[in-house]
>>> print(open('run20.pdb').read())   # PDB, C-alpha atoms
MODEL        1
ATOM      1  CA  GLY A   1      14.455   7.110  -4.791
ATOM      2  CA  GLU A   2      11.732   5.284  -6.680
ATOM      3  CA  ASN A   3       8.907   7.259  -8.295
ATOM      4  CA  VAL A   4       5.770   5.543  -9.579
ATOM      5  CA  GLU A   5       3.268   7.301 -11.823
ATOM      6  CA  GLN A   6      -0.161   5.837 -12.510
ATOM      7  CA  HIS A   7      -2.707   6.668 -15.219
ATOM      8  CA  PRO A   8      -5.545   7.325 -15.527
ATOM      9  CA  SER A   9      -6.683   8.655 -12.169
ATOM     10  CA  THR A  10     -10.290   7.776 -12.986
ATOM     11  CA  LEU A  11     -11.694   5.238 -15.415
ATOM     12  CA  SER A  12     -15.309   4.518 -16.204
ATOM     13  CA  VAL A  13     -16.305   1.517 -18.322
ATOM     14  CA  GLN A  14     -19.451  -0.376 -19.204
ATOM     15  CA  GLU A  15     -19.963  -3.815 -17.728
ATOM     16  CA  GLY A  16     -18.320  -6.402 -19.945
ATOM     17  CA  ASP A  17     -15.746  -4.004 -21.373
ATOM     18  CA  SER A  18     -12.026  -4.199 -20.653
ATOM     19  CA  ALA A  19     -10.115  -1.804 -18.411
ATOM     20  CA  VAL A  20      -6.417  -0.970 -18.616
ATOM     21  CA  ILE A  21      -4.395   0.912 -16.002
ATOM     22  CA  LYS A  22      -0.780   1.881 -16.671
ATOM     23  CA  CYS A  23       2.137   2.644 -14.397
ATOM     24  CA  THR A  24       5.689   3.798 -14.963
ATOM     25  CA  TYR A  25       8.564   3.576 -12.512
ATOM     26  CA  SER A  26      11.917   5.275 -12.309
ATOM     27  CA  ASP A  27      14.271   2.873 -10.508
ATOM     28  CA  SER A  28      15.654   0.277 -12.904
ATOM     29  CA  ALA A  29      16.621  -1.852  -9.887
ATOM     30  CA  SER A  30      12.961  -2.415  -8.961
ATOM     31  CA  ASN A  31      12.117  -6.095  -9.273
ATOM     32  CA  TYR A  32       8.617  -6.681  -7.927
ATOM     33  CA  PHE A  33       5.378  -5.043  -9.027
ATOM     34  CA  PRO A  34       2.143  -5.766  -7.152
ATOM     35  CA  TRP A  35      -1.337  -4.441  -7.807
ATOM     36  CA  TYR A  36      -3.721  -3.770  -4.947
ATOM     37  CA  LYS A  37      -7.487  -3.259  -4.975
ATOM     38  CA  GLN A  38      -9.052  -1.066  -2.328
ATOM     39  CA  GLU A  39     -12.797  -0.905  -1.948
ATOM     40  CA  LEU A  40     -14.303   2.082  -0.194
ATOM     41  CA  GLY A  41     -13.481   2.022   3.502
ATOM     42  CA  LYS A  42     -11.624  -1.273   3.227
ATOM     43  CA  ARG A  43      -7.981  -2.302   3.408
ATOM     44  CA  PRO A  44      -5.900  -2.747   0.227
ATOM     45  CA  GLN A  45      -5.782  -6.335  -1.008
ATOM     46  CA  LEU A  46      -3.342  -7.860  -3.446
ATOM     47  CA  ILE A  47      -4.966  -8.970  -6.693
ATOM     48  CA  ILE A  48      -1.932  -9.865  -8.785
ATOM     49  CA  ASP A  49       1.814  -9.328  -8.810
ATOM     50  CA  ILE A  50       4.692  -9.820 -11.220
ATOM     51  CA  ARG A  51       8.404 -10.222 -10.773
ATOM     52  CA  SER A  52      11.033  -8.733 -13.034
ATOM     53  CA  ASN A  53      11.988 -12.026 -14.645
ATOM     54  CA  VAL A  54       8.517 -12.405 -16.170
ATOM     55  CA  GLY A  55       6.891 -10.349 -18.908
ATOM     56  CA  GLU A  56       3.269 -11.269 -18.350
ATOM     57  CA  LYS A  57       1.099 -12.984 -15.778
ATOM     58  CA  LYS A  58      -2.572 -13.864 -15.943
ATOM     59  CA  ASP A  59      -5.138 -14.906 -13.373
ATOM     60  CA  GLN A  60      -8.615 -15.460 -14.790
ATOM     61  CA  ARG A  61      -9.911 -12.022 -15.854
ATOM     62  CA  ILE A  62      -6.856 -10.157 -14.596
ATOM     63  CA  ALA A  63      -3.483  -9.857 -16.294
ATOM     64  CA  VAL A  64      -0.383  -7.787 -15.748
ATOM     65  CA  THR A  65       2.326  -7.014 -18.304
ATOM     66  CA  LEU A  66       5.798  -5.693 -17.580
ATOM     67  CA  ASN A  67       8.213  -3.935 -19.927
ATOM     68  CA  LYS A  68      11.495  -3.574 -18.062
ATOM     69  CA  THR A  69      13.213  -1.733 -20.870
ATOM     70  CA  ALA A  70      10.576   0.978 -20.915
ATOM     71  CA  LYS A  71      10.022   0.722 -17.146
ATOM     72  CA  HIS A  72       6.301   0.404 -17.308
ATOM     73  CA  PHE A  73       3.705  -2.158 -16.312
ATOM     74  CA  SER A  74      -0.016  -2.416 -16.859
ATOM     75  CA  LEU A  75      -3.081  -4.034 -15.336
ATOM     76  CA  HIS A  76      -5.675  -5.475 -17.669
ATOM     77  CA  ILE A  77      -9.141  -6.470 -16.493
ATOM     78  CA  THR A  78     -11.388  -8.184 -19.027
ATOM     79  CA  GLU A  79     -15.144  -8.731 -18.901
ATOM     80  CA  THR A  80     -15.484  -6.150 -16.145
ATOM     81  CA  GLN A  81     -18.212  -6.530 -13.551
ATOM     82  CA  PRO A  82     -19.757  -3.965 -11.169
ATOM     83  CA  GLU A  83     -17.911  -5.588  -8.271
ATOM     84  CA  ASP A  84     -14.639  -4.649  -9.953
ATOM     85  CA  SER A  85     -15.437  -1.033  -9.043
ATOM     86  CA  ALA A  86     -12.740   0.125  -6.606
ATOM     87  CA  VAL A  87      -9.483   2.047  -6.409
ATOM     88  CA  TYR A  88      -6.528   0.183  -7.880
ATOM     89  CA  PHE A  89      -2.954   0.896  -6.853
ATOM     90  CA  CYS A  90       0.213  -0.190  -8.575
ATOM     91  CA  ALA A  91       3.482  -0.380  -6.677
ATOM     92  CA  ALA A  92       7.148  -1.092  -7.191
ATOM     93  CA  LEU A  93       9.619  -2.692  -4.796
ATOM     94  CA  THR A  94      13.255  -1.719  -4.956
ATOM     95  CA  GLU A  95      15.987  -4.331  -4.987
ATOM     96  CA  SER A  96      16.807  -3.494  -1.382
ATOM     97  CA  GLY A  97      13.349  -4.778  -0.610
ATOM     98  CA  SER A  98      12.685  -2.304   2.138
ATOM     99  CA  ARG A  99       9.736  -0.434   0.717
ATOM    100  CA  LEU A 100       6.908  -0.415  -1.752
ATOM    101  CA  THR A 101       6.389   2.845  -3.619
ATOM    102  CA  PHE A 102       2.762   3.221  -4.645
ATOM    103  CA  GLY A 103       1.116   5.044  -7.497
ATOM    104  CA  GLU A 104      -1.606   7.558  -6.744
ATOM    105  CA  GLY A 105      -4.387   5.132  -7.574
ATOM    106  CA  THR A 106      -7.073   4.727 -10.245
ATOM    107  CA  GLN A 107     -10.758   4.935  -9.383
ATOM    108  CA  LEU A 108     -12.404   2.334 -11.607
ATOM    109  CA  THR A 109     -16.159   2.492 -12.026
ATOM    110  CA  VAL A 110     -17.957  -0.288 -13.875
ATOM    111  CA  ASN A 111     -21.426   0.781 -14.942
ATOM    112  CA  PRO A 112     -24.080  -1.946 -15.177
TER     113      PRO A 112
ATOM    114  CA  GLY B   1      -5.982 -17.621  10.589
ATOM    115  CA  ALA B   2      -6.049 -14.153  12.052
ATOM    116  CA  GLY B   3      -5.044 -11.311   9.790
ATOM    117  CA  VAL B   4      -3.279  -8.084  10.631
ATOM    118  CA  SER B   5      -5.125  -6.143  13.300
ATOM    119  CA  GLN B   6      -4.831  -2.506  14.291
ATOM    120  CA  SER B   7      -6.144  -0.445  17.178
ATOM    121  CA  PRO B   8      -7.841   1.840  17.659
ATOM    122  CA  SER B   9      -9.929   1.851  14.493
ATOM    123  CA  ASN B  10     -10.639   5.547  14.951
ATOM    124  CA  LYS B  11      -8.851   8.183  16.971
ATOM    125  CA  VAL B  12      -9.811  11.811  17.403
ATOM    126  CA  THR B  13      -7.296  13.962  19.191
ATOM    127  CA  GLU B  14      -6.616  17.597  19.817
ATOM    128  CA  LYS B  15      -3.762  19.370  18.139
ATOM    129  CA  GLY B  16      -0.620  19.116  20.229
ATOM    130  CA  LYS B  17      -1.503  15.837  21.923
ATOM    131  CA  ASP B  18       0.484  12.610  21.502
ATOM    132  CA  VAL B  19      -1.093   9.467  20.026
ATOM    133  CA  GLU B  20      -0.100   5.810  19.873
ATOM    134  CA  LEU B  21      -1.303   3.474  17.160
ATOM    135  CA  ARG B  22      -0.921  -0.277  17.509
ATOM    136  CA  CYS B  23      -0.382  -3.031  14.961
ATOM    137  CA  ASP B  24      -0.529  -6.795  15.488
ATOM    138  CA  PRO B  25       0.977  -8.533  12.455
ATOM    139  CA  ILE B  26       0.194 -12.010  11.241
ATOM    140  CA  SER B  27       1.921 -14.564  13.441
ATOM    141  CA  GLY B  28       5.236 -15.652  11.958
ATOM    142  CA  HIS B  29       5.606 -12.656   9.669
ATOM    143  CA  THR B  30       9.017 -11.102  10.166
ATOM    144  CA  ALA B  31       8.469  -7.968   8.081
ATOM    145  CA  LEU B  32       6.220  -5.141   9.229
ATOM    146  CA  TYR B  33       5.451  -1.881   7.438
ATOM    147  CA  TRP B  34       3.640   1.329   8.304
ATOM    148  CA  TYR B  35       2.003   3.483   5.628
ATOM    149  CA  ARG B  36      -0.042   6.651   5.698
ATOM    150  CA  GLN B  37      -2.994   7.266   3.368
ATOM    151  CA  SER B  38      -4.428  10.731   3.155
ATOM    152  CA  LEU B  39      -7.948  11.191   1.811
ATOM    153  CA  GLY B  40      -8.112  10.196  -1.841
ATOM    154  CA  GLN B  41      -4.377   9.650  -2.024
ATOM    155  CA  GLY B  42      -1.991   6.769  -2.451
ATOM    156  CA  LEU B  43      -0.067   5.027   0.276
ATOM    157  CA  GLU B  44       2.974   6.788   1.670
ATOM    158  CA  PHE B  45       5.697   4.576   3.164
ATOM    159  CA  LEU B  46       6.665   5.485   6.726
ATOM    160  CA  ILE B  47       8.827   2.762   8.270
ATOM    161  CA  TYR B  48       9.861  -0.888   7.769
ATOM    162  CA  PHE B  49      10.930  -3.503  10.318
ATOM    163  CA  GLN B  50      12.594  -6.750   9.284
ATOM    164  CA  GLY B  51      13.432  -9.244  12.009
ATOM    165  CA  ASN B  52      16.158  -7.960  14.301
ATOM    166  CA  SER B  53      17.648  -5.613  11.714
ATOM    167  CA  ALA B  54      17.697  -1.862  12.221
ATOM    168  CA  PRO B  55      14.430  -0.426  10.894
ATOM    169  CA  ASP B  56      14.266   1.640   7.725
ATOM    170  CA  LYS B  57      12.945   4.942   9.051
ATOM    171  CA  SER B  58      13.537   6.900   5.879
ATOM    172  CA  GLY B  59       9.838   7.539   5.254
ATOM    173  CA  LEU B  60       9.033   9.187   8.576
ATOM    174  CA  PRO B  61       7.949  12.752   7.746
ATOM    175  CA  SER B  62       9.359  14.436  10.849
ATOM    176  CA  ASP B  63      10.999  13.728  14.194
ATOM    177  CA  ARG B  64       7.537  13.833  15.781
ATOM    178  CA  PHE B  65       6.982  10.373  14.328
ATOM    179  CA  SER B  66       8.560   7.266  15.830
ATOM    180  CA  ALA B  67       7.844   3.566  15.866
ATOM    181  CA  GLU B  68       9.020   0.509  17.675
ATOM    182  CA  ARG B  69       8.495  -3.184  17.368
ATOM    183  CA  THR B  70       8.791  -5.207  20.533
ATOM    184  CA  GLY B  71       9.767  -8.859  20.508
ATOM    185  CA  GLY B  72       9.603  -8.961  16.743
ATOM    186  CA  SER B  73       5.820  -8.856  16.817
ATOM    187  CA  VAL B  74       3.577  -5.980  17.901
ATOM    188  CA  SER B  75       4.450  -2.521  16.654
ATOM    189  CA  THR B  76       3.495   0.906  17.941
ATOM    190  CA  LEU B  77       3.568   4.085  15.887
ATOM    191  CA  THR B  78       3.773   7.219  18.028
ATOM    192  CA  ILE B  79       3.027  10.720  16.834
ATOM    193  CA  GLN B  80       4.021  13.476  19.231
ATOM    194  CA  ARG B  81       2.533  16.964  19.283
ATOM    195  CA  THR B  82       0.010  16.089  16.598
ATOM    196  CA  GLN B  83      -0.769  18.580  13.857
ATOM    197  CA  GLN B  84      -3.841  18.837  11.632
ATOM    198  CA  GLU B  85      -1.816  17.655   8.641
ATOM    199  CA  ASP B  86      -1.256  14.364  10.473
ATOM    200  CA  SER B  87      -4.920  13.507   9.904
ATOM    201  CA  ALA B  88      -4.993  10.404   7.714
ATOM    202  CA  VAL B  89      -5.522   6.660   7.771
ATOM    203  CA  TYR B  90      -2.478   4.845   9.113
ATOM    204  CA  LEU B  91      -2.116   1.378   7.652
ATOM    205  CA  CYS B  92       0.062  -1.412   8.913
ATOM    206  CA  ALA B  93       1.102  -4.374   6.770
ATOM    207  CA  SER B  94       3.098  -7.516   7.365
ATOM    208  CA  SER B  95       4.705 -10.079   5.112
ATOM    209  CA  PHE B  96       6.395 -13.432   5.567
ATOM    210  CA  THR B  97       9.734 -11.719   5.130
ATOM    211  CA  GLY B  98      11.083  -8.616   3.501
ATOM    212  CA  GLY B  99      11.320  -8.460  -0.258
ATOM    213  CA  PRO B 100       9.026  -9.503  -3.107
ATOM    214  CA  TYR B 101       6.271 -11.089  -1.068
ATOM    215  CA  GLU B 102       2.637 -10.164  -0.556
ATOM    216  CA  GLN B 103       2.057  -7.537   2.072
ATOM    217  CA  TYR B 104      -1.105  -8.126   4.066
ATOM    218  CA  PHE B 105      -2.737  -4.947   5.269
ATOM    219  CA  GLY B 106      -4.583  -4.241   8.459
ATOM    220  CA  PRO B 107      -7.864  -2.299   8.526
ATOM    221  CA  GLY B 108      -6.106   0.920   9.415
ATOM    222  CA  THR B 109      -6.505   3.566  12.098
ATOM    223  CA  ARG B 110      -8.300   6.722  11.036
ATOM    224  CA  LEU B 111      -6.647   9.615  12.861
ATOM    225  CA  THR B 112      -8.370  12.970  13.047
ATOM    226  CA  VAL B 113      -6.557  15.908  14.612
ATOM    227  CA  THR B 114      -8.879  18.758  15.573
TER     228      THR B 114
ENDMDL
END
>>> encode(input="run20.pdb", output="structure tokens")
Amino acid sequence: GENVEQHPSTLSVQEGDSAVIKCTYSDSASNYFPWYKQELGKRPQLIIDIRSNVGEKKDQRIAVTLNKTAKHFSLHITETQPEDSAVYFCAALTESGSRLTFGEGTQLTVNP
Amino acid sequence: GAGVSQSPSNKVTEKGKDVELRCDPISGHTALYWYRQSLGQGLEFLIYFQGNSAPDKSGLPSDRFSAERTGGSVSTLTIQRTQQEDSAVYLCASSFTGGPYEQYFGPGTRLTVT
């Protein structure tokens, strides 16, 4: 089955700096890669996603890149703000579409 | 419109008792998922329902866990003879259909087994 690894587990940056979180996956048939943000005590919420036919996607300060050959994808947050502090999860969906496999999460802390 | 709702929000039960957790998906969403999130951990897939198809139960950790979805809408996750290791937040999500579409999560049920 699919295995998703996420790094780093914790990340601390200064406000205004960029943050990068990386994930690798094992199933070459995976074709959809969402990123979720989970604030403390809240439900996960989708912040950006990318499909396998695209190499990069950007939405304001957030971007995701996908390298299908290397089977890895990354989340990039620019001009970080304190409200970006949360746990971020990457995930991969297999071609069968029946399940998302999540990474273990990255605790991002943005220091003012 | 209304999002995914779950009940109860918190449940404390004694070891060995059975519990039922409920999920109301977004109206019109045909796909429904259950996940488990242990403290400080990622989300572990449990089960997936898509329309009238047979559910994908491959993530259920033991035969003490079962789930059903009645009328293609509300779902109930049942844990029999609860154990302390079942303590976690159980999250339900729904999406328009199965596949590469956004999954909308409910607030979760925090289960504590004493």
>>> residues_around(input="run20.pdb", residues="Ser73 in chain B", least_positions_apart="6", cutoff="8 Å", atoms="all atoms listed in the file", output="list in words")
Asp24, Pro25, Ser27 and Thr30 of chain B
>>> resolve_selection(input="run20.pdb", expression="the PyMOL selection byres ((chain A) within 8 of (chain B))", output="list in words")
Asn31, Tyr32, Pro34, Lys42, Arg43, Pro44, Gln45, Leu46, Arg51, Phe89, Leu93, Glu95, Ser96, Gly97, Ser98, Arg99, Leu100, Thr101, Phe102, Gly103, Glu104 and Gly105 of chain A
>>> resolve_selection(input="run20.pdb", expression="the PyMOL selection byres ((chain A and resi 56) around 12)", output="list in words")
Phe33, Ile48, Asp49, Ile50, Arg51, Ser52, Asn53, Val54, Gly55, Lys57, Lys58, Asp59, Ile62, Ala63, Val64, Thr65, Leu66, Asn67, Lys68, Phe73, Ser74, Leu75 and His76 of chain A
>>> write_last_selection(input="run20.pdb", atoms="C-alpha atoms", output="PDB file, in the frame of the given file")
ATOM      1  CA  PHE A  33       5.378  -5.043  -9.027  1.00  0.00           C
ATOM      2  CA  ILE A  48      -1.932  -9.865  -8.785  1.00  0.00           C
ATOM      3  CA  ASP A  49       1.814  -9.328  -8.810  1.00  0.00           C
ATOM      4  CA  ILE A  50       4.692  -9.820 -11.220  1.00  0.00           C
ATOM      5  CA  ARG A  51       8.404 -10.222 -10.773  1.00  0.00           C
ATOM      6  CA  SER A  52      11.033  -8.733 -13.034  1.00  0.00           C
ATOM      7  CA  ASN A  53      11.988 -12.026 -14.645  1.00  0.00           C
ATOM      8  CA  VAL A  54       8.517 -12.405 -16.170  1.00  0.00           C
ATOM      9  CA  GLY A  55       6.891 -10.349 -18.908  1.00  0.00           C
ATOM     10  CA  LYS A  57       1.099 -12.984 -15.778  1.00  0.00           C
ATOM     11  CA  LYS A  58      -2.572 -13.864 -15.943  1.00  0.00           C
ATOM     12  CA  ASP A  59      -5.138 -14.906 -13.373  1.00  0.00           C
ATOM     13  CA  ILE A  62      -6.856 -10.157 -14.596  1.00  0.00           C
ATOM     14  CA  ALA A  63      -3.483  -9.857 -16.294  1.00  0.00           C
ATOM     15  CA  VAL A  64      -0.383  -7.787 -15.748  1.00  0.00           C
ATOM     16  CA  THR A  65       2.326  -7.014 -18.304  1.00  0.00           C
ATOM     17  CA  LEU A  66       5.798  -5.693 -17.580  1.00  0.00           C
ATOM     18  CA  ASN A  67       8.213  -3.935 -19.927  1.00  0.00           C
ATOM     19  CA  LYS A  68      11.495  -3.574 -18.062  1.00  0.00           C
ATOM     20  CA  PHE A  73       3.705  -2.158 -16.312  1.00  0.00           C
ATOM     21  CA  SER A  74      -0.016  -2.416 -16.859  1.00  0.00           C
ATOM     22  CA  LEU A  75      -3.081  -4.034 -15.336  1.00  0.00           C
ATOM     23  CA  HIS A  76      -5.675  -5.475 -17.669  1.00  0.00           C
TER      24      HIS A  76
END
>>> resolve_selection(input="run20.pdb", expression="the PyMOL selection byres ((chain B and resi 88) around 7)", output="list in words")
Arg36, Gln37, Ser38, Leu39, Asp86, Ser87, Val89, Tyr90, Arg110, Leu111 and Thr112 of chain B
>>> residues_around(input="run20.pdb", residues="Thr82 in chain B", least_positions_apart="6", cutoff="9 Å", atoms="only C-alpha atoms", output="ChimeraX atom specification")
/B:13-19,64,113
>>> write_last_selection(input="run20.pdb", atoms="C-alpha atoms", output="short mmCIF file (atom, residue, chain, number, x, y, z; two decimals), keeping the file's coordinate frame")
data_model
loop_
_atom_site.label_atom_id
_atom_site.label_comp_id
_atom_site.auth_asym_id
_atom_site.auth_seq_id
_atom_site.Cartn_x
_atom_site.Cartn_y
_atom_site.Cartn_z
CA THR B 13 -7.30 13.96 19.19
CA GLU B 14 -6.62 17.60 19.82
CA LYS B 15 -3.76 19.37 18.14
CA GLY B 16 -0.62 19.12 20.23
CA LYS B 17 -1.50 15.84 21.92
CA ASP B 18 0.48 12.61 21.50
CA VAL B 19 -1.09 9.47 20.03
CA ARG B 64 7.54 13.83 15.78
CA VAL B 113 -6.56 15.91 14.61
#
>>> atom_distance(input="run20.pdb", atom1="CA of Ser7 in chain B", atom2="CA of Thr114 in chain B")
19.5 Å
>>> atom_distance(input="run20.pdb", atom1="CA of Glu39 in chain A", atom2="CA of Thr80 in chain A")
15.4 Å
>>> atom_distance(input="run20.pdb", atom1="CA of Leu60 in chain B", atom2="CA of Leu77 in chain B")
10.5 Å
>>> residues_near_point(input="run20.pdb", point="(-7.2, 0.7, 20.3)", cutoff="9 Å", atoms="only C-alpha atoms", output="list in words")
Gln6, Ser7, Pro8, Ser9, Asn10, Lys11, Glu20, Leu21, Arg22 and Thr109 of chain B
>>> residues_around(input="run20.pdb", residues="Asp63 in chain B", least_positions_apart="3", cutoff="10 Å", atoms="only C-alpha atoms", output="PDB file with C-alpha atoms, keeping the file's coordinate frame")
ATOM      1  CA  LEU B  60       9.033   9.187   8.576  1.00  0.00           C
ATOM      2  CA  SER B  66       8.560   7.266  15.830  1.00  0.00           C
ATOM      3  CA  ILE B  79       3.027  10.720  16.834  1.00  0.00           C
ATOM      4  CA  GLN B  80       4.021  13.476  19.231  1.00  0.00           C
TER       5      GLN B  80
END
>>> residues_near_point(input="run20.pdb", point="(-2.3, 3.7, -16.1)", cutoff="6 Å", atoms="only C-alpha atoms", output="ChimeraX atom specification")
/A:6-8,21-23
>>> axis_aligned_box(input="run20.pdb", around="range 88-101 of chain B", padding_each_side="8 Å", output="lines of an AutoDock Vina configuration file")
center_x = 2.9
center_y = -1.5
center_z = 3.0
size_x = 32.8
size_y = 39.8
size_z = 28.2
